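Beneath this line is the structure, given in C-alpha cells, with notes to follow.
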Amino acid sequence: MLEALFRKLLGLTEELKEEELEEMKVIVGLGNPGTEYVGTRHNVGFETIDRLADAWSIDVTQQKHKGSVGQGVIAGQKVLLVKPMTYMNNSGECVSAVANFYKLSPEDVIVIYDDINLSVGQLRIKERGSAGGHNGMKSIIAHLKSEEFTRIRIGVGMKREGQNLVNHVLGKFPKEQQEMIAEGMDDAVKAVEIILSDSVTKAMNTYNGKKR
C-alpha cells in the first residue's frame, strides 16, 4: 500500500487491481472501431485516448465491457481509459457497463468527442449538458440516465454546403487541417490532466476561450 501511495504521489502509471479502483475516474473517447475509420473526424475521441495512453504509458488493449480499456494513473488520479467498441451510436452500452461494474456515478465520467459546430481543433469543455445532436452522446445520456458528466468537445469543422453530414464526419481531415486537429487533441490531453489534477473550471478557463 505504501508503494502504491508513493507511485500515486509521483504521478507515475501503474497496473491496478480491480478491487483497488476506488475513487476512479473514467475517461471515454468516442469513435468507431475498424481501420477504415482511423483518422476520420468522428474518431478524434479515440485518437485523444491513444495520445493520453501514450503520454502516461497506459495499455488500452484489454477487451472488457464492450470496449478497449486500460487502467493507470494520470496526474496522480486513478483512471480507466475507454474506447467503446460498440460503434458510435451505441456508445452508451459500453459506458454504462463500465459505470455499473465499478459502481461509479455519472460525475466520475469524462467524455471526449467531435463537434461539427466548432472550428477545427477548438475545444469546448462543460460539466453537464444535452447531447447537442451527437448520436454517441445521446446513447450515453440514455444509458446513464443523466446529463451530469463532464464532456470535452473537439471541433472538427462544419460540412461544406450541400455535403452529406455522414460523409463529413466519416471523412478524413485534409492536409491543411491536420496540424490544427493535432494541436486540438493535444490540448484535450492537457485539459484532462488539468481536470484530474485541479478542476473542470480551470480547464474551461484555460481552453474554452482559446481560438484556432
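Order determines the names: the first chain of the C-alpha cells is A, the second B, and so forth; residues in each chain are numbered 1 upward, and ligands are numbered 1 upward as they are shown.
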Set the distance at 7 Å and use only C-alpha atoms: which residues neighbour Gly29 in chain A once local chain neighbours fewer than 2 positions away are removed? I'd like the list as a list in words.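 Once the adjacent positions are removed, what remains is Ile27, Gly31, Gly45, Phe46, Thr48, Ile49, Val82, Lys83, Val111, Ile112 and Tyr113 of chain A.
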Using only C-alpha atoms, tabulate the residues of range 146-212 of chain A lying at most 7 Å from any atom of range 124-130 of chain A, each with its closest atom pair and that distance in Å to one decimal, by chain and increasing residue number, as a tab-separated table.
```
residue	atom	partner	partner_atom	distance
A:Glu147	CA	A:Gly129	CA	5.5
A:Glu148	CA	A:Arg128	CA	4.7
A:Phe149	CA	A:Arg128	CA	5.2
A:Thr150	CA	A:Glu127	CA	4.1
A:Arg151	CA	A:Lys126	CA	5.5
A:Ile152	CA	A:Ile125	CA	4.6
A:Arg153	CA	A:Arg124	CA	5.1
A:Ile154	CA	A:Arg124	CA	6.8
A:Val200	CA	A:Glu127	CA	6.9
A:Met204	CA	A:Ile125	CA	5.5
A:Asn208	CA	A:Arg124	CA	5.1
```
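Shortest atom-to-atom contact with Ile140 in chain A among A:Ala188, A:Leu196, A:Leu30, A:Ile58: A:Leu30, counting only C-alpha atoms.
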Work out how far apart CA of Leu144 in chain A and CA of Gly92 in chain A are and give it in Å to one decimal.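 Rounded to one decimal, the two atoms are 7.3 Å apart.
With only C-alpha atoms as the atoms that count, the minimum distance from Gln63 in chain A to the choices A:Gly171, A:Gly184, A:Pro84, A:Gly39 is reached by A:Pro84.
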If we count only C-alpha atoms, what is near Gln62 in chain A at a cut-off of 12 Å, once residues fewer than 3 positions away on the same chain are taken out, given as an MDAnalysis selection string? chainID A and resid 58:59 65:71 80:85
Just to be explicit: take each residue in the selection above, keep C-alpha atoms, and write the result as a PDB file, in the first residue's frame.
```pdb
ATOM      1  CA  ILE A  58      -1.236   3.079 -20.231  1.00  0.00           C
ATOM      2  CA  ASP A  59      -2.068  -0.015 -22.295  1.00  0.00           C
ATOM      3  CA  HIS A  65     -17.338  -4.057 -21.043  1.00  0.00           C
ATOM      4  CA  LYS A  66     -17.842  -3.787 -24.822  1.00  0.00           C
ATOM      5  CA  GLY A  67     -14.760  -1.614 -25.150  1.00  0.00           C
ATOM      6  CA  SER A  68     -10.979  -1.400 -25.276  1.00  0.00           C
ATOM      7  CA  VAL A  69      -9.882  -0.299 -21.812  1.00  0.00           C
ATOM      8  CA  GLY A  70      -6.743   0.396 -19.838  1.00  0.00           C
ATOM      9  CA  GLN A  71      -6.081   1.151 -16.170  1.00  0.00           C
ATOM     10  CA  LEU A  80      -9.743   3.880 -16.659  1.00  0.00           C
ATOM     11  CA  LEU A  81      -9.292   4.881 -20.293  1.00  0.00           C
ATOM     12  CA  VAL A  82     -12.102   3.603 -22.508  1.00  0.00           C
ATOM     13  CA  LYS A  83     -12.735   3.350 -26.245  1.00  0.00           C
ATOM     14  CA  PRO A  84     -16.225   1.882 -26.832  1.00  0.00           C
ATOM     15  CA  MET A  85     -16.193  -0.856 -29.480  1.00  0.00           C
TER      16      MET A  85
END
```
What does the distance between CA of Pro33 in chain A and CA of Asn89 in chain A come to in Å, to one decimal place?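 Separation of CA of Pro33 in chain A and CA of Asn89 in chain A: 11.9 Å.
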Could you write out, as an NGL selection string, all the residues of range 14-203 of chain A that DSSP marks as helix (DSSP H, G or I)? :A and (18-20 or 35-37 or 41-55 or 88-101 or 106-108 or 135-144 or 165-169 or 175-197 or 200-203)
Those same residues, written as a compact mmCIF listing (two decimals), in the first residue's frame with C-alpha atoms?
```txt
# COMPACT_ATOMS: atom_id res chain seq x y z
CA GLU A 18 -9.89 -4.00 -9.95
CA GLU A 19 -10.62 -4.18 -6.23
CA GLU A 20 -8.25 -1.24 -5.67
CA THR A 35 -9.08 0.58 -39.67
CA GLU A 36 -11.39 2.28 -42.18
CA TYR A 37 -12.33 4.85 -39.52
CA ARG A 41 -13.43 13.36 -37.87
CA HIS A 42 -15.73 11.10 -35.86
CA ASN A 43 -12.72 9.34 -34.29
CA VAL A 44 -10.96 12.26 -32.62
CA GLY A 45 -12.15 10.88 -29.27
CA PHE A 46 -10.41 7.55 -29.91
CA GLU A 47 -7.22 9.29 -31.01
CA THR A 48 -7.20 11.54 -27.94
CA ILE A 49 -7.43 8.45 -25.71
CA ASP A 50 -4.47 6.99 -27.62
CA ARG A 51 -2.50 10.18 -27.00
CA LEU A 52 -3.35 10.08 -23.29
CA ALA A 53 -2.33 6.42 -23.17
CA ASP A 54 1.00 7.18 -24.85
CA ALA A 55 1.70 10.17 -22.60
CA MET A 88 -20.62 5.44 -32.19
CA ASN A 89 -24.42 5.28 -31.97
CA ASN A 90 -24.33 2.63 -29.21
CA SER A 91 -21.52 4.13 -27.10
CA GLY A 92 -23.76 4.22 -24.04
CA GLU A 93 -23.80 0.41 -23.83
CA CYS A 94 -20.08 0.41 -23.07
CA VAL A 95 -20.06 3.47 -20.81
CA SER A 96 -22.95 2.22 -18.67
CA ALA A 97 -21.37 -1.24 -18.42
CA VAL A 98 -18.17 0.34 -17.07
CA ALA A 99 -20.04 2.64 -14.68
CA ASN A 100 -22.18 -0.22 -13.35
CA PHE A 101 -19.26 -2.61 -12.93
CA PRO A 106 -22.02 9.95 -13.91
CA GLU A 107 -19.89 12.65 -12.25
CA ASP A 108 -16.93 10.24 -12.40
CA ASN A 135 -25.66 10.34 -31.52
CA GLY A 136 -22.89 8.93 -29.35
CA MET A 137 -23.76 11.38 -26.60
CA LYS A 138 -27.46 10.64 -26.97
CA SER A 139 -26.69 6.98 -26.32
CA ILE A 140 -24.53 7.73 -23.25
CA ILE A 141 -27.13 10.06 -21.72
CA ALA A 142 -29.88 7.48 -22.32
CA HIS A 143 -27.90 4.65 -20.73
CA LEU A 144 -26.56 6.64 -17.76
CA LEU A 165 -23.28 15.04 -42.83
CA VAL A 166 -22.40 11.34 -42.52
CA ASN A 167 -19.81 11.68 -45.28
CA HIS A 168 -18.38 14.70 -43.50
CA VAL A 169 -17.93 13.12 -40.05
CA LYS A 175 -3.72 18.14 -45.18
CA GLU A 176 -4.17 21.83 -44.29
CA GLN A 177 -6.22 20.93 -41.19
CA GLN A 178 -4.07 18.10 -39.82
CA GLU A 179 -1.80 20.32 -37.73
CA MET A 180 -4.79 22.17 -36.23
CA ILE A 181 -6.61 18.99 -35.22
CA ALA A 182 -3.40 17.50 -33.80
CA GLU A 183 -2.96 20.61 -31.64
CA GLY A 184 -6.60 20.38 -30.59
CA MET A 185 -6.22 16.78 -29.47
CA ASP A 186 -3.02 17.66 -27.61
CA ASP A 187 -4.94 20.45 -25.86
CA ALA A 188 -7.64 17.91 -24.95
CA VAL A 189 -4.97 15.72 -23.35
CA LYS A 190 -3.78 18.69 -21.30
CA ALA A 191 -7.37 19.56 -20.40
CA VAL A 192 -7.91 16.07 -18.99
CA GLU A 193 -4.75 16.43 -16.92
CA ILE A 194 -5.95 19.78 -15.55
CA ILE A 195 -9.39 18.37 -14.71
CA LEU A 196 -7.83 15.45 -12.83
CA SER A 197 -5.18 17.49 -11.00
CA VAL A 200 -13.12 21.36 -14.61
CA THR A 201 -13.42 25.11 -14.05
CA LYS A 202 -9.69 25.63 -14.54
CA ALA A 203 -9.73 23.55 -17.72
```
Quick check for you: according to DSSP on this backbone, which residues of range 58-149 of chain A are classed as strand (DSSP E or B)? Reply as an NGL selection string. :A and (62-64 or 67-74 or 77-84 or 109-115 or 123-126)
Would you please work out which residue, of A:Val60, A:Leu123, A:Val79, A:Ile74, is nearest to Gly209 in chain A when using only C-alpha atoms?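 Comparing A:Val60, A:Leu123, A:Val79, A:Ile74 against Gly209 in chain A, the winner is A:Leu123.
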